[in-house]
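**Student:** See target00.csv below, with CSV, N, CA and C atoms.
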```
chain,number,residue,atom,x,y,z
A,1,MET,N,-63.1,99.0,71.1
A,1,MET,CA,-62.8,99.1,72.5
A,1,MET,C,-61.5,100.0,72.7
A,2,ASN,N,-60.5,99.7,71.8
A,2,ASN,CA,-59.2,100.5,72.0
A,2,ASN,C,-59.4,102.0,71.9
A,3,MET,N,-60.3,102.4,70.9
A,3,MET,CA,-60.5,103.8,70.7
A,3,MET,C,-61.2,104.4,72.0
A,4,ASP,N,-62.1,103.6,72.6
A,4,ASP,CA,-62.7,104.1,73.9
A,4,ASP,C,-61.7,104.3,74.9
A,5,ILE,N,-60.7,103.4,75.0
A,5,ILE,CA,-59.7,103.4,76.0
A,5,ILE,C,-58.8,104.6,75.8
A,6,LYS,N,-58.4,104.8,74.5
A,6,LYS,CA,-57.6,106.0,74.2
A,6,LYS,C,-58.3,107.3,74.5
A,7,SER,N,-59.6,107.3,74.1
A,7,SER,CA,-60.4,108.5,74.4
A,7,SER,C,-60.5,108.8,75.9
A,8,LEU,N,-60.6,107.7,76.7
A,8,LEU,CA,-60.6,107.9,78.1
A,8,LEU,C,-59.3,108.5,78.6
A,9,ALA,N,-58.2,107.9,78.1
A,9,ALA,CA,-56.9,108.5,78.5
A,9,ALA,C,-56.7,109.9,78.2
A,10,VAL,N,-57.1,110.3,76.9
A,10,VAL,CA,-57.0,111.6,76.4
A,10,VAL,C,-57.8,112.6,77.3
A,11,SER,N,-59.0,112.2,77.6
A,11,SER,CA,-59.9,113.1,78.4
A,11,SER,C,-59.5,113.2,79.8
A,12,MET,N,-58.9,112.1,80.4
A,12,MET,CA,-58.5,112.2,81.8
A,12,MET,C,-57.2,113.1,81.9
A,13,VAL,N,-56.3,112.9,81.0
A,13,VAL,CA,-55.1,113.7,81.1
A,13,VAL,C,-55.4,115.2,80.8
A,14,ALA,N,-56.3,115.4,79.8
A,14,ALA,CA,-56.7,116.8,79.5
A,14,ALA,C,-57.4,117.5,80.7
A,15,LYS,N,-58.2,116.7,81.3
A,15,LYS,CA,-58.9,117.3,82.5
A,15,LYS,C,-57.9,117.6,83.6
A,16,LYS,N,-57.0,116.8,83.8
A,16,LYS,CA,-56.0,117.0,84.9
A,16,LYS,C,-55.2,118.3,84.6
A,17,LEU,N,-54.9,118.5,83.3
A,17,LEU,CA,-54.1,119.7,82.9
A,17,LEU,C,-55.0,120.9,82.7
A,18,GLY,N,-56.3,120.8,82.8
A,18,GLY,CA,-57.2,121.9,82.6
A,18,GLY,C,-57.2,122.3,81.1
A,19,MET,N,-57.1,121.3,80.2
A,19,MET,CA,-57.1,121.6,78.8
A,19,MET,C,-58.3,121.0,78.1
A,20,ASP,N,-58.5,121.3,76.9
A,20,ASP,CA,-59.6,120.8,76.1
A,20,ASP,C,-59.1,119.5,75.4
A,21,SER,N,-59.8,118.4,75.6
A,21,SER,CA,-59.4,117.1,75.0
A,21,SER,C,-59.9,117.0,73.6
A,22,GLY,N,-60.7,118.0,73.1
A,22,GLY,CA,-61.2,117.9,71.8
A,22,GLY,C,-60.2,118.2,70.7
A,23,GLY,N,-59.1,118.9,71.1
A,23,GLY,CA,-58.1,119.2,70.1
A,23,GLY,C,-57.2,118.0,69.8
A,24,GLY,N,-56.7,118.0,68.6
A,24,GLY,CA,-55.8,116.9,68.2
A,24,GLY,C,-54.5,116.8,68.9
A,25,ALA,N,-54.0,117.9,69.5
A,25,ALA,CA,-52.7,117.9,70.2
A,25,ALA,C,-52.7,117.0,71.3
A,26,MET,N,-53.7,117.0,72.2
A,26,MET,CA,-53.8,116.1,73.3
A,26,MET,C,-53.8,114.6,72.9
A,27,GLU,N,-54.6,114.3,71.9
A,27,GLU,CA,-54.7,113.0,71.4
A,27,GLU,C,-53.3,112.5,70.8
A,28,GLN,N,-52.7,113.4,70.1
A,28,GLN,CA,-51.4,113.1,69.5
A,28,GLN,C,-50.4,112.9,70.6
A,29,VAL,N,-50.4,113.7,71.6
A,29,VAL,CA,-49.4,113.5,72.7
A,29,VAL,C,-49.6,112.2,73.4
A,30,VAL,N,-50.9,111.9,73.8
A,30,VAL,CA,-51.1,110.7,74.5
A,30,VAL,C,-50.7,109.5,73.6
A,31,GLY,N,-51.0,109.6,72.3
A,31,GLY,CA,-50.6,108.5,71.4
A,31,GLY,C,-49.1,108.3,71.3
A,32,SER,N,-48.4,109.4,71.4
A,32,SER,CA,-46.9,109.3,71.3
A,32,SER,C,-46.3,108.8,72.5
A,33,LEU,N,-47.0,108.9,73.7
A,33,LEU,CA,-46.5,108.5,74.9
A,33,LEU,C,-46.8,107.0,75.2
A,34,ILE,N,-48.0,106.6,74.8
A,34,ILE,CA,-48.5,105.2,75.1
A,34,ILE,C,-49.2,104.5,74.0
A,35,GLY,N,-48.7,104.6,72.8
A,35,GLY,CA,-49.3,103.9,71.7
A,35,GLY,C,-49.3,104.8,70.5
A,36,GLY,N,-50.1,104.4,69.5
A,36,GLY,CA,-50.2,105.2,68.3
A,36,GLY,C,-51.4,104.8,67.5
A,37,GLY,N,-51.7,105.6,66.6
A,37,GLY,CA,-52.9,105.3,65.7
A,37,GLY,C,-54.2,105.3,66.6
A,38,ASP,N,-55.1,104.4,66.3
A,38,ASP,CA,-56.4,104.4,67.0
A,38,ASP,C,-56.3,103.6,68.3
A,39,SER,N,-55.2,103.0,68.6
A,39,SER,CA,-55.2,102.1,69.8
A,39,SER,C,-54.1,102.6,70.8
A,40,MET,N,-54.1,102.0,71.9
A,40,MET,CA,-53.1,102.2,72.9
A,40,MET,C,-52.3,101.0,73.2
A,41,ASP,N,-51.0,101.1,73.4
A,41,ASP,CA,-50.2,100.0,73.6
A,41,ASP,C,-50.1,99.7,75.1
A,42,ILE,N,-51.2,99.1,75.6
A,42,ILE,CA,-51.3,98.8,77.0
A,42,ILE,C,-50.3,97.7,77.3
A,43,GLY,N,-50.1,96.7,76.4
A,43,GLY,CA,-49.1,95.7,76.6
A,43,GLY,C,-47.7,96.3,76.7
A,44,GLY,N,-47.4,97.2,75.9
A,44,GLY,CA,-46.1,97.9,75.9
A,44,GLY,C,-45.9,98.7,77.2
A,45,LEU,N,-46.9,99.3,77.7
A,45,LEU,CA,-46.9,100.1,78.9
A,45,LEU,C,-46.6,99.1,80.1
A,46,VAL,N,-47.3,98.0,80.1
A,46,VAL,CA,-47.2,97.0,81.2
A,46,VAL,C,-45.8,96.4,81.1
A,47,SER,N,-45.3,96.1,79.9
A,47,SER,CA,-43.9,95.6,79.7
A,47,SER,C,-42.9,96.6,80.2
A,48,GLY,N,-43.1,97.9,79.9
A,48,GLY,CA,-42.2,98.9,80.4
A,48,GLY,C,-42.2,99.0,81.9
A,49,LEU,N,-43.3,98.8,82.6
A,49,LEU,CA,-43.4,98.8,84.0
A,49,LEU,C,-42.6,97.6,84.5
A,50,GLN,N,-42.8,96.5,83.9
A,50,GLN,CA,-42.0,95.2,84.3
A,50,GLN,C,-40.5,95.4,84.2
A,51,SER,N,-40.1,96.0,83.1
A,51,SER,CA,-38.7,96.1,82.8
A,51,SER,C,-38.0,97.1,83.8
A,52,LYS,N,-38.8,98.0,84.4
A,52,LYS,CA,-38.2,98.9,85.4
A,52,LYS,C,-38.4,98.4,86.8
A,53,GLY,N,-38.8,97.1,87.0
A,53,GLY,CA,-38.9,96.6,88.3
A,53,GLY,C,-40.2,97.0,89.0
A,54,LEU,N,-41.2,97.3,88.2
A,54,LEU,CA,-42.5,97.8,88.8
A,54,LEU,C,-43.6,96.7,88.4
A,55,GLY,N,-43.3,95.5,88.5
A,55,GLY,CA,-44.2,94.4,88.2
A,55,GLY,C,-45.4,94.4,89.1
A,56,ASP,N,-45.2,94.7,90.4
A,56,ASP,CA,-46.3,94.8,91.4
A,56,ASP,C,-47.2,95.9,91.0
A,57,VAL,N,-46.7,97.0,90.5
A,57,VAL,CA,-47.6,98.1,90.1
A,57,VAL,C,-48.4,97.6,88.9
A,58,ALA,N,-47.8,97.0,87.9
A,58,ALA,CA,-48.5,96.5,86.7
A,58,ALA,C,-49.5,95.5,87.1
A,59,SER,N,-49.2,94.6,88.0
A,59,SER,CA,-50.2,93.6,88.4
A,59,SER,C,-51.4,94.2,89.1
A,60,SER,N,-51.2,95.3,89.9
A,60,SER,CA,-52.3,95.9,90.5
A,60,SER,C,-53.2,96.6,89.6
A,61,TRP,N,-52.6,97.2,88.5
A,61,TRP,CA,-53.4,97.9,87.5
A,61,TRP,C,-54.2,96.9,86.7
A,62,LEU,N,-53.6,95.8,86.4
A,62,LEU,CA,-54.3,94.8,85.6
A,62,LEU,C,-55.4,94.1,86.4
A,63,GLY,N,-55.2,93.9,87.7
A,63,GLY,CA,-56.2,93.2,88.5
A,63,GLY,C,-57.4,94.0,88.8
A,64,ASP,N,-58.3,93.4,89.5
A,64,ASP,CA,-59.6,94.1,89.8
A,64,ASP,C,-59.6,94.8,91.1
A,65,GLY,N,-58.5,94.7,91.9
A,65,GLY,CA,-58.4,95.4,93.2
A,65,GLY,C,-57.9,96.8,93.1
A,66,ALA,N,-57.4,97.4,94.2
A,66,ALA,CA,-57.0,98.7,94.2
A,66,ALA,C,-55.7,98.9,93.3
A,67,ASN,N,-55.6,100.0,92.7
A,67,ASN,CA,-54.4,100.3,91.8
A,67,ASN,C,-53.3,100.9,92.7
A,68,ALA,N,-52.1,100.3,92.5
A,68,ALA,CA,-50.9,100.8,93.3
A,68,ALA,C,-50.5,102.2,92.7
A,69,GLU,N,-49.9,103.0,93.5
A,69,GLU,CA,-49.4,104.3,93.1
A,69,GLU,C,-48.1,104.2,92.3
A,70,ILE,N,-47.9,105.1,91.4
A,70,ILE,CA,-46.6,105.2,90.7
A,70,ILE,C,-46.1,106.6,90.9
A,71,SER,N,-44.9,106.8,91.2
A,71,SER,CA,-44.4,108.2,91.3
A,71,SER,C,-44.1,108.8,90.0
A,72,ALA,N,-44.0,110.1,90.0
A,72,ALA,CA,-43.8,110.9,88.7
A,72,ALA,C,-42.4,110.4,88.1
A,73,ASP,N,-41.4,110.3,89.0
A,73,ASP,CA,-40.1,109.9,88.6
A,73,ASP,C,-40.1,108.5,88.0
A,74,GLN,N,-40.9,107.5,88.6
A,74,GLN,CA,-41.0,106.2,88.1
A,74,GLN,C,-41.6,106.2,86.7
A,75,LEU,N,-42.7,107.0,86.6
A,75,LEU,CA,-43.4,107.0,85.3
A,75,LEU,C,-42.6,107.7,84.2
A,76,LYS,N,-41.8,108.7,84.6
A,76,LYS,CA,-40.9,109.3,83.6
A,76,LYS,C,-39.9,108.3,83.1
A,77,ASP,N,-39.4,107.5,84.0
A,77,ASP,CA,-38.4,106.5,83.7
A,77,ASP,C,-39.0,105.4,82.8
A,78,VAL,N,-40.3,105.0,83.0
A,78,VAL,CA,-40.9,104.0,82.2
A,78,VAL,C,-41.2,104.6,80.8
A,79,ILE,N,-41.7,105.8,80.7
A,79,ILE,CA,-42.1,106.3,79.4
A,79,ILE,C,-40.9,106.9,78.6
A,80,GLY,N,-40.0,107.5,79.4
A,80,GLY,CA,-38.8,108.1,78.8
A,80,GLY,C,-38.8,109.6,79.0
A,81,GLY,N,-37.8,110.2,79.6
A,81,GLY,CA,-37.7,111.6,79.9
A,81,GLY,C,-37.8,112.5,78.7
A,82,ASP,N,-37.2,112.0,77.6
A,82,ASP,CA,-37.2,112.8,76.3
A,82,ASP,C,-38.6,112.8,75.8
A,83,LYS,N,-39.4,111.7,75.8
A,83,LYS,CA,-40.8,111.8,75.4
A,83,LYS,C,-41.6,112.7,76.2
A,84,ILE,N,-41.4,112.6,77.5
A,84,ILE,CA,-42.2,113.5,78.4
A,84,ILE,C,-41.9,115.0,78.1
A,85,SER,N,-40.6,115.3,78.0
A,85,SER,CA,-40.2,116.7,77.7
A,85,SER,C,-40.8,117.2,76.4
A,86,ALA,N,-40.8,116.4,75.4
A,86,ALA,CA,-41.3,116.7,74.1
A,86,ALA,C,-42.8,116.9,74.2
A,87,ALA,N,-43.5,116.0,74.9
A,87,ALA,CA,-45.0,116.1,75.0
A,87,ALA,C,-45.4,117.3,75.8
A,88,ALA,N,-44.7,117.6,76.9
A,88,ALA,CA,-45.0,118.8,77.7
A,88,ALA,C,-44.8,120.0,76.8
A,89,ALA,N,-43.8,120.1,76.1
A,89,ALA,CA,-43.5,121.3,75.2
A,89,ALA,C,-44.6,121.4,74.2
A,90,GLN,N,-45.0,120.3,73.6
A,90,GLN,CA,-46.1,120.3,72.6
A,90,GLN,C,-47.4,120.8,73.1
A,91,LEU,N,-47.7,120.5,74.4
A,91,LEU,CA,-48.9,120.9,75.0
A,91,LEU,C,-48.8,122.3,75.7
A,92,GLY,N,-47.6,122.8,75.8
A,92,GLY,CA,-47.4,124.1,76.5
A,92,GLY,C,-47.6,123.9,78.0
A,93,SER,N,-47.3,122.7,78.5
A,93,SER,CA,-47.5,122.3,79.9
A,93,SER,C,-46.1,122.1,80.5
A,94,SER,N,-46.1,122.0,81.9
A,94,SER,CA,-44.9,121.6,82.5
A,94,SER,C,-44.8,120.1,82.5
A,95,GLU,N,-43.6,119.6,82.6
A,95,GLU,CA,-43.4,118.1,82.7
A,95,GLU,C,-44.1,117.6,84.0
A,96,GLY,N,-44.0,118.3,85.1
A,96,GLY,CA,-44.6,117.9,86.3
A,96,GLY,C,-46.1,117.7,86.2
A,97,ASP,N,-46.8,118.7,85.6
A,97,ASP,CA,-48.2,118.7,85.4
A,97,ASP,C,-48.6,117.5,84.5
A,98,LEU,N,-47.9,117.3,83.4
A,98,LEU,CA,-48.2,116.2,82.5
A,98,LEU,C,-48.0,114.9,83.2
A,99,LEU,N,-46.9,114.7,84.0
A,99,LEU,CA,-46.7,113.5,84.7
A,99,LEU,C,-47.8,113.2,85.7
A,100,GLU,N,-48.3,114.3,86.4
A,100,GLU,CA,-49.4,114.2,87.3
A,100,GLU,C,-50.7,113.7,86.6
A,101,GLY,N,-50.9,114.3,85.5
A,101,GLY,CA,-52.1,113.8,84.7
A,101,GLY,C,-52.0,112.4,84.3
A,102,LEU,N,-50.8,112.0,83.8
A,102,LEU,CA,-50.6,110.6,83.5
A,102,LEU,C,-50.7,109.6,84.7
A,103,ARG,N,-50.1,110.1,85.8
A,103,ARG,CA,-50.2,109.3,87.0
A,103,ARG,C,-51.6,108.9,87.5
A,104,SER,N,-52.5,109.9,87.3
A,104,SER,CA,-53.9,109.6,87.7
A,104,SER,C,-54.6,108.9,86.6
A,105,ALA,N,-54.3,109.1,85.4
A,105,ALA,CA,-55.1,108.5,84.3
A,105,ALA,C,-54.7,107.1,84.0
A,106,LEU,N,-53.4,106.8,83.9
A,106,LEU,CA,-52.9,105.5,83.4
A,106,LEU,C,-53.4,104.3,84.2
A,107,PRO,N,-53.3,104.3,85.5
A,107,PRO,CA,-53.8,103.2,86.3
A,107,PRO,C,-55.3,102.8,86.0
A,108,GLN,N,-56.1,103.9,85.8
A,108,GLN,CA,-57.5,103.7,85.5
A,108,GLN,C,-57.7,103.2,84.1
A,109,VAL,N,-56.9,103.7,83.2
A,109,VAL,CA,-57.0,103.3,81.8
A,109,VAL,C,-56.6,101.8,81.6
A,110,VAL,N,-55.5,101.4,82.3
A,110,VAL,CA,-55.1,100.0,82.2
A,110,VAL,C,-56.1,99.1,82.9
A,111,ASP,N,-56.6,99.6,84.0
A,111,ASP,CA,-57.7,98.8,84.8
A,111,ASP,C,-58.9,98.6,83.8
A,112,LYS,N,-59.3,99.6,83.2
A,112,LYS,CA,-60.5,99.5,82.3
A,112,LYS,C,-60.2,98.6,81.1
A,113,ALA,N,-58.9,98.7,80.6
A,113,ALA,CA,-58.5,97.9,79.4
A,113,ALA,C,-58.5,96.4,79.8
A,114,SER,N,-58.2,96.1,81.1
A,114,SER,CA,-58.0,94.7,81.5
A,114,SER,C,-59.2,94.1,82.1
A,115,SER,N,-60.3,94.8,82.2
A,115,SER,CA,-61.5,94.3,82.8
A,115,SER,C,-62.4,93.6,81.7
A,116,GLY,N,-63.0,92.5,82.1
A,116,GLY,CA,-63.9,91.8,81.1
A,116,GLY,C,-63.2,91.2,79.9
A,117,GLY,N,-61.9,91.0,80.0
A,117,GLY,CA,-61.2,90.3,78.9
A,117,GLY,C,-60.8,91.2,77.8
A,118,SER,N,-61.1,92.5,77.9
A,118,SER,CA,-60.7,93.4,76.7
A,118,SER,C,-59.2,93.7,76.6
A,119,LEU,N,-58.5,93.2,77.6
A,119,LEU,CA,-57.0,93.3,77.5
A,119,LEU,C,-56.5,92.6,76.3
A,120,LEU,N,-57.2,91.5,75.9
A,120,LEU,CA,-56.8,90.8,74.7
A,120,LEU,C,-56.7,91.7,73.5
A,121,ASP,N,-57.6,92.6,73.3
A,121,ASP,CA,-57.6,93.6,72.2
A,121,ASP,C,-56.4,94.6,72.4
A,122,ALA,N,-56.3,95.1,73.7
A,122,ALA,CA,-55.3,96.1,73.9
A,122,ALA,C,-53.9,95.6,73.8
A,123,ALA,N,-53.7,94.3,74.1
A,123,ALA,CA,-52.4,93.7,74.1
A,123,ALA,C,-52.0,93.1,72.8
A,124,GLY,N,-52.9,93.2,71.8
A,124,GLY,CA,-52.6,92.6,70.5
A,124,GLY,C,-53.0,91.2,70.4
A,125,GLY,N,-54.1,90.8,70.9
A,125,GLY,CA,-54.6,89.5,70.8
A,125,GLY,C,-54.0,88.5,71.8
A,126,LEU,N,-54.3,87.2,71.6
A,126,LEU,CA,-53.9,86.2,72.6
A,126,LEU,C,-52.4,86.1,72.6
A,127,GLY,N,-51.7,86.2,71.5
A,127,GLY,CA,-50.2,86.1,71.4
A,127,GLY,C,-49.6,87.3,72.2
A,128,GLY,N,-50.1,88.5,72.1
A,128,GLY,CA,-49.6,89.6,72.8
A,128,GLY,C,-49.8,89.5,74.3
A,129,LEU,N,-51.0,89.0,74.7
A,129,LEU,CA,-51.3,88.8,76.1
A,129,LEU,C,-50.4,87.7,76.7
A,130,ALA,N,-50.2,86.6,75.9
A,130,ALA,CA,-49.3,85.5,76.4
A,130,ALA,C,-47.9,86.0,76.6
A,131,GLY,N,-47.4,86.9,75.7
A,131,GLY,CA,-46.1,87.4,75.8
A,131,GLY,C,-46.0,88.3,77.0
A,132,MET,N,-47.0,89.1,77.2
A,132,MET,CA,-47.1,90.0,78.4
A,132,MET,C,-47.1,89.2,79.7
A,133,ALA,N,-47.9,88.1,79.7
A,133,ALA,CA,-48.0,87.2,80.9
A,133,ALA,C,-46.7,86.6,81.2
A,134,LYS,N,-45.9,86.2,80.2
A,134,LYS,CA,-44.6,85.6,80.5
A,134,LYS,C,-43.7,86.6,81.2
A,135,LYS,N,-43.8,87.9,80.9
A,135,LYS,CA,-43.0,88.9,81.5
A,135,LYS,C,-43.5,89.2,83.0
A,136,LEU,N,-44.8,89.0,83.2
A,136,LEU,CA,-45.4,89.3,84.5
A,136,LEU,C,-45.1,88.1,85.5
A,137,PHE,N,-45.0,86.9,85.0
A,137,PHE,CA,-44.8,85.8,85.9
A,137,PHE,C,-43.6,84.9,85.7
```
For the structure just supplied, provide its representation as structure tokens.
**Tutor:**
Amino acid sequence: MNMDIKSLAVSMVAKKLGMDSGGGAMEQVVGSLIGGGDSMDIGGLVSGLQSKGLGDVASSWLGDGANAEISADQLKDVIGGDKISAAAAQLGSSEGDLLEGLRSALPQVVDKASSGGSLLDAAGGLGGLAGMAKKLF
């Protein structure tokens, strides 16, 4: 399931940037921004949102209702400006375009990861989900 979620993120960001998602660069960049290897660190992303005072945004993405918007500046703050700069340079894209791609993709990716209980896999099992829940509530 995690690979499907990562593939979804890669293809959505690539589409937003008008790039080919088949190349390894896009997958590498998305992995460096929100996880690594074959999985995505959805729990880490949600924790990052929480730590920046965006718990309401995280909750909306995790829930089944509408996803709350996140600004490009908020997202840059959560992920880290240096990571965004490096990723944009690696892709030959502007930071603004990359952030716009992430802004549209991440809520849907987290939403998909958290539907039907698959967040357990994305968050590192029950322990990871319990740790994330403590931060949310």
**Student:** Find the residue from A:Ala14, A:Ala86, A:Ile79, A:Leu102 that sits nearest to Met26 of chain A; use all atoms listed in the file when measuring.
**Tutor:**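 Looking at the shortest contact to Met26 of chain A, the residue is A:Ala14.
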**Student:** Quick one: residues within 7 Å of Leu62 of chain A, only C-alpha atoms, excluding same-chain residues fewer than 5 positions away - as a ChimeraX atom specification?
**Tutor:** /A:110-111,114
**Student:** What does the structure give for the distance between atom CA of Gln28 of chain A and atom CA of Gly80 of chain A, in Å to one decimal?
**Tutor:**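 Atom CA of Gln28 of chain A sits 16.4 Å away from atom CA of Gly80 of chain A.
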**Student:** As an exercise, work out the distance from atom C of Met40 of chain A to atom C of Gly92 of chain A in Å and give it to one decimal place.
**Tutor:** 23.9 Å
**Student:** Near Ala9 of chain A, counting all atoms listed in the file, which residues have an atom at most 7 Å away, once you skip same-chain residues fewer than 6 positions from it, shown as a list in words?
**Tutor:**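 Returned residues: Val30, Ala105, Leu106 and Val109 of chain A.
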**Student:** Identify which of the residues A:Gly55, A:Ile84, A:Trp61, A:Ile70 lies closest to Leu98 of chain A, counting only N, CA and C atoms when measuring atom-to-atom distances.
**Tutor:**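 The closest residue to Leu98 of chain A is A:Ile84.
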**Student:** Please compute the atom CA of Asp41 of chain A-atom N of Lys6 of chain A distance, one decimal, in Å.
**Tutor:**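 Interatomic distance here is 9.5 Å.
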**Student:** What are the centre and edge lengths in Å, to one decimal, of the axis-aligned box around all listed atoms of segment 97-103 of chain A with 8 Å added on each side, as lines of an AutoDock Vina configuration file?
**Tutor:**
```
center_x = -49.4
center_y = 113.8
center_z = 85.0
size_x = 21.4
size_y = 25.8
size_z = 21.0
```
**Student:** Residues of segment 37-127 of chain A that approach segment 15-24 of chain A to 6.5 Å or less, counting all atoms listed in the file: could you list each one with the shortest pair of atoms and its distance in Å to one decimal, rows by chain and increasing residue number, as a Markdown table?
**Tutor:**
```
| residue | atom | partner | partner_atom | distance |
| --- | --- | --- | --- | --- |
| A:Asp97 | C | A:Leu17 | CA | 6.1 |
| A:Glu100 | C | A:Lys16 | CA | 6.5 |
| A:Gly101 | CA | A:Lys16 | CA | 5.0 |
```
